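Scroll down for the structure; my scribbles are underneath it.
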Amino acid sequence: MVEPDPATSECRLYGQILESIGEAVFTVDLEWRVTSFNAAAERLVGLDRSEAIGMRCRDVFRADVCHGRCPLKGTLEGGPPARDLRVTVLDRHMREVPVTISTAALRDASGRVVGGVEILRDISDVEALRRELHGQAIFEDIVGRSPPMRELFRVLPDVARSGATVLLQGPSGTGKELVARAIHRLSPRADRPFVQINCAALPDTLLESELFGHRKGAFTDAREDAPGRFAVADGGTLFLDEIAETSPSFQVKLLRAVQDGEIQPLGDRVARKVDVRLVAATNRDLSEMVRQRTFREDLYYRLRVVALDLPPLCDRREDIPLLAEHLLERVAIRRGRPVMGISPAALRVLYDYPFPGNVRELENAIERAVALTSGPSIQVGDLPPEIARWQPTRDPTSSERAFLAHAVEVDDVDLLAALEAHRWNRQDTARALGISRVTLWRRMKTAGLIP
């Protein structure tokens with residue numbers, strides 16, 4: 001009988017432990033390529049280990065420290081191991097995930113450094129609670145501190161838990177998809193599928209097939225059975241965007257699915273039950289369409305169990321500096337550009353501009369500015385021409401001037417005073433200044449307070 005190799009058994013045990021723990025763990029070689037990647041790491045960034053292994057770690061996690069002072073690099077170069085350092089990573093869907101990281105060097109039998117290991121702990125729940133306690137203005141990826149957004153944040157958890165059908169109303173570009181996803185993530189269905197469809201993108205015949213599915217031979221190109229979006233979303237949430245663009249004849253078929261919870265695939269004689277929570281969205285006035293008989297009244301009331309209105313950006317101007325800063329952080333990380341901030345003049349232009357395209361237009365403007373700027377911060381000339389040339393039609397009120405003065409860059413004296421008051425603790429300083437740790441890092445870099 002062959003005795004088991006103790007070393008092999010020990011390695012297998014370590015592997016089982018790494019797969020069972022809740023923290024994400026990965027290792028890299030000296031060229032920063034991922035050499036191992038546990039199950040929690042897969043869940044954290046939404047990337048399979050077969051994809052991650054061999055990639056550079058900065059391309060996997062895209063953390064806010066990857067293009068600055070990397071803690072793991074510092075450890076491998078002889079510095080002390082990092083312990084519970086707060087950073088932000090991006091998952092594969094470009095969502096920000098707050099984590100704490102700890103690092104260590106990996107050495108061979110002779111003591112030579114051959115790589116590194118990093119442990120990441122997802123602190124999204126802790127951060128959500130902290131934001132609630134400190135009145136922060138980011139909730140489930142939705143940004144705002146204006147009264148309409150605070151009211152939305154207040155009711156959203158209860159709406160999500162209720163299971164009721166929701167109708168989201170607001171102009172294009174106001175973030176209706178973000179709200180729909182937030183409703184799903186906050187609901188008891190969060191571990192089930194979130195499926196979406198743009199009802200304006202397809203004619204009736206294709207929309208019916210996409211939603212309800214079809215059987216082989218139901219029409220010319222139906223070469224095999226295909227489940228519809230209702231079936232795929234069974235147990236989860238189905239988001240029907242631009243619901244107002246459907247025809248009255250299609251609305252009759254949708255009504256049956258909504259009120260009876262049944263769908264009938266094209267070419268099938270048998271209906272099947274589905275358990276789907278519906279969230280619909282529109283940028284049109286559905287109540288007016290009901291009066292004009294272009295949208296069915298019975299479907300309207302089925303969809304409008306709970307109605308949430310998303311205001312245009314020009315009706316919540318106080319959110320523009322916060323949104324611009326938030327979008328800048330995301331775009332700069334995604335593009336790998338060390339853009340430090342937005343100049344006071346550029347911020348004033350953004351504040352005055354009416355943004356007919358709402359948040360979507362603001363994001364486009366920030367992305368363009370990051371791509372074009374050659375300096376450490378975004379200037380007026382980096383913005384799209386229609387925004388840069390905009391002439392305000394009114395003078396700012398005294399409260400708006402005070403607000404803008406507070407929203408622009410903190411000057412070096414105030415920044416240094418805040419750091420010293422909080423003993424150079426960046427997390428406490430950022431919280432006191434009402435900015436993120438990434439923004440604080442940028443401003444410290446600009447002021448020459450860090451190399």
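By convention in this document, the chains of the structure tokens carry letters A, B, ... by their order, each chain's residues are numbered from 1, and ligands are numbered from 1 in the order they are shown.
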Show which residues sit within 12 Å of Ala164 of chain A, as a list of chain:residue names. Count only C-alpha atoms, and ignore same-chain residues fewer than 5 positions away.
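Counting only the stated atoms, we get A:Leu156, A:Asp158, A:Val159, A:Ile183, A:His184, A:Ser187, A:Pro188, A:Thr237, A:Val258, A:Val276, A:Arg277, A:Leu278, A:Val279, A:Ala280, A:Arg302, A:Leu303, A:Arg304, A:Val305, A:Val306, A:Ala307.
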Prev. selection, N, CA and C atoms, output as an mmCIF file, in the first residue's frame:
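Generated output (part15.cif):
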```cif
data_model
loop_
_atom_site.group_PDB
_atom_site.id
_atom_site.type_symbol
_atom_site.label_atom_id
_atom_site.label_comp_id
_atom_site.auth_asym_id
_atom_site.auth_seq_id
_atom_site.Cartn_x
_atom_site.Cartn_y
_atom_site.Cartn_z
ATOM 1 N N LEU A 156 -37.161 53.674 -1.664
ATOM 2 C CA LEU A 156 -36.721 52.572 -2.522
ATOM 3 C C LEU A 156 -36.629 51.223 -1.815
ATOM 4 N N ASP A 158 -38.334 50.031 0.728
ATOM 5 C CA ASP A 158 -39.690 49.514 0.981
ATOM 6 C C ASP A 158 -40.357 49.087 -0.317
ATOM 7 N N VAL A 159 -40.179 49.865 -1.369
ATOM 8 C CA VAL A 159 -40.746 49.498 -2.670
ATOM 9 C C VAL A 159 -40.148 48.181 -3.142
ATOM 10 N N ILE A 183 -33.925 48.227 -7.397
ATOM 11 C CA ILE A 183 -35.128 47.559 -6.899
ATOM 12 C C ILE A 183 -34.913 46.052 -6.858
ATOM 13 N N HIS A 184 -34.294 45.515 -7.903
ATOM 14 C CA HIS A 184 -34.023 44.071 -7.932
ATOM 15 C C HIS A 184 -33.037 43.663 -6.842
ATOM 16 N N SER A 187 -34.443 43.549 -3.349
ATOM 17 C CA SER A 187 -35.646 42.732 -3.178
ATOM 18 C C SER A 187 -35.292 41.311 -2.755
ATOM 19 N N PRO A 188 -36.278 40.530 -2.305
ATOM 20 C CA PRO A 188 -36.019 39.123 -1.986
ATOM 21 C C PRO A 188 -35.629 38.294 -3.203
ATOM 22 N N THR A 237 -36.648 39.364 -11.839
ATOM 23 C CA THR A 237 -37.231 40.659 -12.214
ATOM 24 C C THR A 237 -37.078 40.881 -13.707
ATOM 25 N N VAL A 258 -49.296 39.934 -17.387
ATOM 26 C CA VAL A 258 -49.191 40.714 -16.157
ATOM 27 C C VAL A 258 -50.245 40.300 -15.139
ATOM 28 N N VAL A 276 -42.761 36.340 -12.139
ATOM 29 C CA VAL A 276 -41.869 37.426 -12.528
ATOM 30 C C VAL A 276 -42.342 38.735 -11.903
ATOM 31 N N ARG A 277 -41.391 39.483 -11.329
ATOM 32 C CA ARG A 277 -41.702 40.817 -10.826
ATOM 33 C C ARG A 277 -41.395 41.813 -11.947
ATOM 34 N N LEU A 278 -42.371 42.640 -12.304
ATOM 35 C CA LEU A 278 -42.221 43.563 -13.415
ATOM 36 C C LEU A 278 -41.865 44.971 -12.937
ATOM 37 N N VAL A 279 -40.888 45.552 -13.629
ATOM 38 C CA VAL A 279 -40.578 46.969 -13.488
ATOM 39 C C VAL A 279 -40.621 47.550 -14.902
ATOM 40 N N ALA A 280 -41.492 48.519 -15.137
ATOM 41 C CA ALA A 280 -41.608 49.153 -16.450
ATOM 42 C C ALA A 280 -41.113 50.588 -16.363
ATOM 43 N N ARG A 302 -52.352 48.212 -14.144
ATOM 44 C CA ARG A 302 -51.624 47.008 -13.722
ATOM 45 C C ARG A 302 -50.139 47.312 -13.516
ATOM 46 N N LEU A 303 -49.603 48.154 -14.379
ATOM 47 C CA LEU A 303 -48.178 48.486 -14.282
ATOM 48 C C LEU A 303 -47.897 49.533 -13.212
ATOM 49 N N ARG A 304 -48.874 50.410 -12.982
ATOM 50 C CA ARG A 304 -48.660 51.553 -12.097
ATOM 51 C C ARG A 304 -49.147 51.256 -10.676
ATOM 52 N N VAL A 305 -48.773 50.092 -10.142
ATOM 53 C CA VAL A 305 -49.103 49.801 -8.744
ATOM 54 C C VAL A 305 -48.322 50.753 -7.845
ATOM 55 N N VAL A 306 -47.027 50.884 -8.140
ATOM 56 C CA VAL A 306 -46.195 51.894 -7.490
ATOM 57 C C VAL A 306 -45.551 52.709 -8.602
ATOM 58 N N ALA A 307 -45.677 54.017 -8.541
ATOM 59 C CA ALA A 307 -45.065 54.897 -9.540
ATOM 60 C C ALA A 307 -43.959 55.708 -8.883
#
```
Using only C-alpha atoms: which of A:Leu167, A:Met444, A:Val179, A:Leu238 has the shortest distance to Pro193 of chain A
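Of A:Leu167, A:Met444, A:Val179, A:Leu238, the one nearest Pro193 of chain A is A:Leu238, counting only C-alpha atoms.
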Kindly indicate which residue among A:Ser209, A:Asn283, A:Ser374, A:Thr294 lies nearest to Leu254 of chain A, using only C-alpha atoms for the distances.
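Closest to Leu254 of chain A of all the choices is A:Ser209.
Note that the spacing between atom CA of Arg83 of chain A and atom CA of Pro71 of chain A amounts to 9.6 Å.
Across A:Ser172, A:Gln251, A:Gln16, A:Thr100, the tightest approach to Glu208 of chain A is made by A:Gln251 when counting only C-alpha atoms.
Considering the residues A:Gly170, A:Gly79, A:Gly175, A:Pro311 and counting only C-alpha atoms, Glu363 of chain A has its shortest atom-to-atom contact with A:Gly175.
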Can you tell me, as a compact mmCIF listing (two decimals) with C-alpha atoms, in the first residue's frame, which residues in segment 238-431 of chain A count as helix (DSSP H, G or I) by DSSP?
```
# COMPACT_ATOMS: atom_id res chain seq x y z
CA ILE A 243 -43.10 50.49 -22.43
CA ALA A 244 -45.05 53.40 -23.98
CA GLU A 245 -43.72 52.50 -27.44
CA PRO A 248 -52.33 48.55 -28.39
CA SER A 249 -52.54 45.06 -29.97
CA PHE A 250 -49.35 43.97 -28.20
CA GLN A 251 -50.54 45.55 -24.96
CA VAL A 252 -53.47 43.10 -24.93
CA LYS A 253 -51.05 40.15 -24.94
CA LEU A 254 -48.84 41.75 -22.30
CA LEU A 255 -51.86 42.39 -20.08
CA ARG A 256 -52.59 38.67 -19.85
CA ALA A 257 -49.04 37.93 -18.74
CA VAL A 258 -49.19 40.71 -16.16
CA GLN A 259 -52.57 39.92 -14.62
CA ASP A 260 -52.60 36.12 -14.93
CA LEU A 286 -48.75 57.43 -19.84
CA SER A 287 -51.80 59.01 -18.19
CA GLU A 288 -52.12 61.37 -21.15
CA MET A 289 -51.70 58.44 -23.55
CA VAL A 290 -54.54 56.66 -21.72
CA ARG A 291 -56.74 59.72 -22.22
CA GLU A 297 -56.06 51.88 -19.33
CA ASP A 298 -56.27 48.39 -17.79
CA LEU A 299 -52.57 47.72 -18.53
CA TYR A 300 -51.63 51.18 -17.24
CA TYR A 301 -53.14 50.50 -13.82
CA ARG A 302 -51.62 47.01 -13.72
CA LEU A 303 -48.18 48.49 -14.28
CA LEU A 313 -31.07 66.93 -14.00
CA CYS A 314 -31.96 70.61 -14.44
CA ASP A 315 -34.44 70.21 -11.55
CA ARG A 317 -28.75 71.11 -10.04
CA GLU A 318 -27.25 70.68 -6.58
CA ASP A 319 -26.49 67.07 -7.60
CA ILE A 320 -24.37 68.10 -10.62
CA PRO A 321 -21.03 68.65 -8.77
CA LEU A 322 -21.47 65.39 -6.86
CA LEU A 323 -22.44 63.49 -10.01
CA ALA A 324 -19.58 65.01 -12.00
CA GLU A 325 -17.05 64.00 -9.33
CA HIS A 326 -18.51 60.50 -9.08
CA LEU A 327 -18.49 60.02 -12.86
CA LEU A 328 -14.95 61.41 -13.09
CA GLU A 329 -13.69 58.83 -10.62
CA ARG A 330 -15.30 55.98 -12.55
CA VAL A 331 -14.14 57.15 -15.97
CA ALA A 332 -10.58 57.94 -14.81
CA ILE A 333 -10.23 54.48 -13.25
CA ARG A 334 -11.70 52.77 -16.32
CA ARG A 335 -9.48 54.71 -18.72
CA PRO A 344 -13.96 75.71 -10.63
CA ALA A 345 -14.69 77.35 -14.00
CA ALA A 346 -15.61 74.01 -15.63
CA LEU A 347 -17.78 73.08 -12.66
CA ARG A 348 -19.60 76.41 -12.93
CA VAL A 349 -20.31 75.77 -16.63
CA LEU A 350 -21.63 72.28 -15.85
CA TYR A 351 -23.83 73.71 -13.11
CA ASP A 352 -25.37 76.32 -15.43
CA ASN A 358 -29.70 64.49 -18.26
CA VAL A 359 -27.20 62.24 -16.44
CA ARG A 360 -26.37 60.35 -19.64
CA GLU A 361 -25.26 63.62 -21.27
CA LEU A 362 -23.21 64.58 -18.20
CA GLU A 363 -21.44 61.21 -18.26
CA ASN A 364 -20.69 61.66 -21.97
CA ALA A 365 -19.26 65.12 -21.26
CA ILE A 366 -17.01 63.84 -18.47
CA GLU A 367 -15.81 60.90 -20.58
CA ARG A 368 -14.93 63.23 -23.46
CA ALA A 369 -13.13 65.63 -21.13
CA VAL A 370 -11.04 62.83 -19.60
CA ALA A 371 -10.06 61.66 -23.08
CA LEU A 372 -9.04 65.13 -24.28
CA VAL A 380 -13.81 74.44 -19.72
CA GLY A 381 -12.13 73.82 -23.10
CA ASP A 382 -12.14 70.06 -22.45
CA PRO A 385 -18.52 72.59 -27.45
CA GLU A 386 -22.26 72.92 -26.80
CA ILE A 387 -21.57 72.92 -23.05
CA ALA A 388 -18.37 75.01 -23.11
CA SER A 398 -26.52 83.85 -3.29
CA SER A 399 -27.23 80.33 -2.04
CA GLU A 400 -26.07 78.86 -5.36
CA ARG A 401 -22.84 80.88 -5.23
CA ALA A 402 -22.20 79.64 -1.70
CA PHE A 403 -22.96 76.08 -2.75
CA LEU A 404 -20.60 76.24 -5.73
CA ALA A 405 -17.86 77.76 -3.62
CA HIS A 406 -18.11 74.78 -1.27
CA ALA A 407 -18.32 72.27 -4.13
CA ASP A 412 -4.25 73.62 -0.06
CA VAL A 413 -4.54 75.39 3.30
CA ASP A 414 -7.96 73.91 4.07
CA LEU A 415 -6.80 70.50 2.88
CA LEU A 416 -3.72 70.53 5.09
CA ALA A 417 -5.72 71.79 8.06
CA ALA A 418 -8.29 68.99 7.61
CA LEU A 419 -5.55 66.36 7.38
CA GLU A 420 -3.81 67.61 10.50
CA ALA A 421 -7.10 67.84 12.41
CA ARG A 426 -7.49 59.78 5.03
CA GLN A 427 -10.80 58.08 5.68
CA ASP A 428 -11.74 60.50 8.48
CA THR A 429 -10.46 63.49 6.49
CA ALA A 430 -12.42 62.55 3.38
CA ARG A 431 -15.57 62.10 5.45
```
Secondary structure check, strand (DSSP E or B) residues of segment 40-223 of chain A, as an mmCIF file with N, CA and C atoms, in the first residue's frame:
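Saved to states_38.cif:
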```cif
data_model
loop_
_atom_site.group_PDB
_atom_site.id
_atom_site.type_symbol
_atom_site.label_atom_id
_atom_site.label_comp_id
_atom_site.auth_asym_id
_atom_site.auth_seq_id
_atom_site.Cartn_x
_atom_site.Cartn_y
_atom_site.Cartn_z
ATOM 1 N N ARG A 56 -2.853 40.507 -15.839
ATOM 2 C CA ARG A 56 -2.236 41.366 -14.825
ATOM 3 C C ARG A 56 -3.305 41.737 -13.803
ATOM 4 N N LEU A 85 -6.525 47.739 4.428
ATOM 5 C CA LEU A 85 -6.505 49.035 3.743
ATOM 6 C C LEU A 85 -7.767 49.167 2.892
ATOM 7 N N ARG A 86 -8.476 50.270 3.019
ATOM 8 C CA ARG A 86 -9.736 50.498 2.300
ATOM 9 C C ARG A 86 -9.467 50.982 0.873
ATOM 10 N N VAL A 87 -9.929 50.231 -0.132
ATOM 11 C CA VAL A 87 -9.803 50.643 -1.531
ATOM 12 C C VAL A 87 -11.113 50.327 -2.250
ATOM 13 N N THR A 88 -11.189 50.736 -3.509
ATOM 14 C CA THR A 88 -12.364 50.444 -4.334
ATOM 15 C C THR A 88 -11.920 49.704 -5.585
ATOM 16 N N VAL A 89 -12.598 48.583 -5.901
ATOM 17 C CA VAL A 89 -12.317 47.860 -7.133
ATOM 18 C C VAL A 89 -13.547 47.963 -8.042
ATOM 19 N N LEU A 90 -13.348 47.629 -9.313
ATOM 20 C CA LEU A 90 -14.447 47.604 -10.273
ATOM 21 C C LEU A 90 -14.720 46.173 -10.693
ATOM 22 N N GLU A 96 -18.634 49.833 -8.800
ATOM 23 C CA GLU A 96 -17.627 50.020 -7.768
ATOM 24 C C GLU A 96 -17.946 49.131 -6.570
ATOM 25 N N VAL A 97 -16.939 48.425 -6.072
ATOM 26 C CA VAL A 97 -17.095 47.556 -4.910
ATOM 27 C C VAL A 97 -16.087 47.982 -3.855
ATOM 28 N N PRO A 98 -16.536 48.480 -2.700
ATOM 29 C CA PRO A 98 -15.592 48.839 -1.638
ATOM 30 C C PRO A 98 -15.063 47.585 -0.947
ATOM 31 N N VAL A 99 -13.765 47.524 -0.746
ATOM 32 C CA VAL A 99 -13.145 46.362 -0.103
ATOM 33 C C VAL A 99 -12.044 46.839 0.839
ATOM 34 N N THR A 100 -11.650 45.955 1.746
ATOM 35 C CA THR A 100 -10.402 46.152 2.472
ATOM 36 C C THR A 100 -9.417 45.106 1.978
ATOM 37 N N ILE A 101 -8.136 45.488 1.881
ATOM 38 C CA ILE A 101 -7.141 44.549 1.374
ATOM 39 C C ILE A 101 -6.015 44.378 2.383
ATOM 40 N N SER A 102 -5.457 43.177 2.376
ATOM 41 C CA SER A 102 -4.252 42.868 3.144
ATOM 42 C C SER A 102 -3.283 42.181 2.191
ATOM 43 N N THR A 103 -1.996 42.443 2.349
ATOM 44 C CA THR A 103 -1.003 41.914 1.413
ATOM 45 C C THR A 103 0.116 41.182 2.151
ATOM 46 N N ALA A 104 0.793 40.327 1.417
ATOM 47 C CA ALA A 104 1.975 39.633 1.947
ATOM 48 C C ALA A 104 2.822 39.169 0.777
ATOM 49 N N ALA A 105 4.126 39.027 1.021
ATOM 50 C CA ALA A 105 5.045 38.510 0.008
ATOM 51 C C ALA A 105 5.075 36.982 0.067
ATOM 52 N N LEU A 106 5.244 36.352 -1.074
ATOM 53 C CA LEU A 106 5.424 34.900 -1.145
ATOM 54 C C LEU A 106 6.905 34.621 -1.376
ATOM 55 N N ARG A 107 7.476 33.721 -0.585
ATOM 56 C CA ARG A 107 8.907 33.424 -0.684
ATOM 57 C C ARG A 107 9.123 31.936 -0.917
ATOM 58 N N VAL A 113 11.857 36.348 -2.644
ATOM 59 C CA VAL A 113 10.490 36.724 -3.004
ATOM 60 C C VAL A 113 10.177 36.225 -4.410
ATOM 61 N N VAL A 114 9.088 35.467 -4.556
ATOM 62 C CA VAL A 114 8.705 34.907 -5.855
ATOM 63 C C VAL A 114 7.330 35.401 -6.302
ATOM 64 N N GLY A 115 6.678 36.161 -5.460
ATOM 65 C CA GLY A 115 5.343 36.646 -5.810
ATOM 66 C C GLY A 115 4.673 37.266 -4.605
ATOM 67 N N GLY A 116 3.382 37.503 -4.729
ATOM 68 C CA GLY A 116 2.645 38.116 -3.631
ATOM 69 C C GLY A 116 1.248 37.552 -3.525
ATOM 70 N N VAL A 117 0.632 37.763 -2.372
ATOM 71 C CA VAL A 117 -0.737 37.340 -2.138
ATOM 72 C C VAL A 117 -1.518 38.533 -1.594
ATOM 73 N N GLU A 118 -2.748 38.644 -2.022
ATOM 74 C CA GLU A 118 -3.600 39.723 -1.546
ATOM 75 C C GLU A 118 -4.956 39.143 -1.146
ATOM 76 N N ILE A 119 -5.479 39.615 -0.034
ATOM 77 C CA ILE A 119 -6.789 39.188 0.474
ATOM 78 C C ILE A 119 -7.715 40.386 0.441
ATOM 79 N N LEU A 120 -8.885 40.226 -0.158
ATOM 80 C CA LEU A 120 -9.852 41.313 -0.271
ATOM 81 C C LEU A 120 -11.152 40.911 0.422
ATOM 82 N N ARG A 121 -11.667 41.813 1.245
ATOM 83 C CA ARG A 121 -12.942 41.562 1.922
ATOM 84 C C ARG A 121 -13.956 42.596 1.467
ATOM 85 N N ASP A 122 -15.062 42.115 0.924
ATOM 86 C CA ASP A 122 -16.132 42.992 0.437
ATOM 87 C C ASP A 122 -16.806 43.662 1.644
ATOM 88 N N ILE A 138 -24.815 58.445 -2.090
ATOM 89 C CA ILE A 138 -24.730 57.382 -3.085
ATOM 90 C C ILE A 138 -25.480 56.170 -2.541
ATOM 91 N N PHE A 139 -26.476 55.741 -3.279
ATOM 92 C CA PHE A 139 -27.319 54.634 -2.823
ATOM 93 C C PHE A 139 -27.522 53.685 -3.987
ATOM 94 N N ILE A 142 -26.814 54.968 -7.341
ATOM 95 C CA ILE A 142 -27.570 56.161 -7.708
ATOM 96 C C ILE A 142 -27.033 57.313 -6.864
ATOM 97 N N VAL A 143 -26.710 58.430 -7.515
ATOM 98 C CA VAL A 143 -26.034 59.531 -6.838
ATOM 99 C C VAL A 143 -26.953 60.736 -6.738
ATOM 100 N N VAL A 166 -43.759 48.032 -10.556
ATOM 101 C CA VAL A 166 -43.323 49.430 -10.439
ATOM 102 C C VAL A 166 -43.276 50.066 -11.820
ATOM 103 N N LEU A 167 -43.752 51.299 -11.905
ATOM 104 C CA LEU A 167 -43.632 52.097 -13.120
ATOM 105 C C LEU A 167 -42.689 53.254 -12.840
ATOM 106 N N LEU A 168 -41.577 53.316 -13.585
ATOM 107 C CA LEU A 168 -40.597 54.387 -13.455
ATOM 108 C C LEU A 168 -40.861 55.416 -14.542
ATOM 109 N N GLN A 169 -41.029 56.665 -14.137
ATOM 110 C CA GLN A 169 -41.349 57.726 -15.080
ATOM 111 C C GLN A 169 -40.308 58.834 -14.990
ATOM 112 N N PHE A 194 -32.006 39.141 -13.288
ATOM 113 C CA PHE A 194 -32.534 40.452 -13.683
ATOM 114 C C PHE A 194 -32.434 40.504 -15.201
ATOM 115 N N VAL A 195 -33.572 40.602 -15.865
ATOM 116 C CA VAL A 195 -33.622 40.555 -17.329
ATOM 117 C C VAL A 195 -34.265 41.840 -17.829
ATOM 118 N N GLN A 196 -33.718 42.418 -18.892
ATOM 119 C CA GLN A 196 -34.281 43.657 -19.396
ATOM 120 C C GLN A 196 -34.490 43.589 -20.901
ATOM 121 N N ILE A 197 -35.388 44.420 -21.390
ATOM 122 C CA ILE A 197 -35.639 44.512 -22.827
ATOM 123 C C ILE A 197 -36.110 45.923 -23.136
ATOM 124 N N ASN A 198 -35.645 46.456 -24.264
ATOM 125 C CA ASN A 198 -36.085 47.767 -24.727
ATOM 126 C C ASN A 198 -37.235 47.551 -25.699
ATOM 127 N N HIS A 214 -40.786 31.144 -28.411
ATOM 128 C CA HIS A 214 -41.452 30.504 -29.552
ATOM 129 C C HIS A 214 -41.042 29.049 -29.661
#
```
Take atom CA of Glu242 of chain A and atom CA of Arg154 of chain A and report the distance between them in Å, one decimal.
25.2 Å
Between atom CA of Gly357 of chain A and atom CA of Ser146 of chain A - distance in Å to one decimal:
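Atom CA of Gly357 of chain A lies 18.6 Å from atom CA of Ser146 of chain A.
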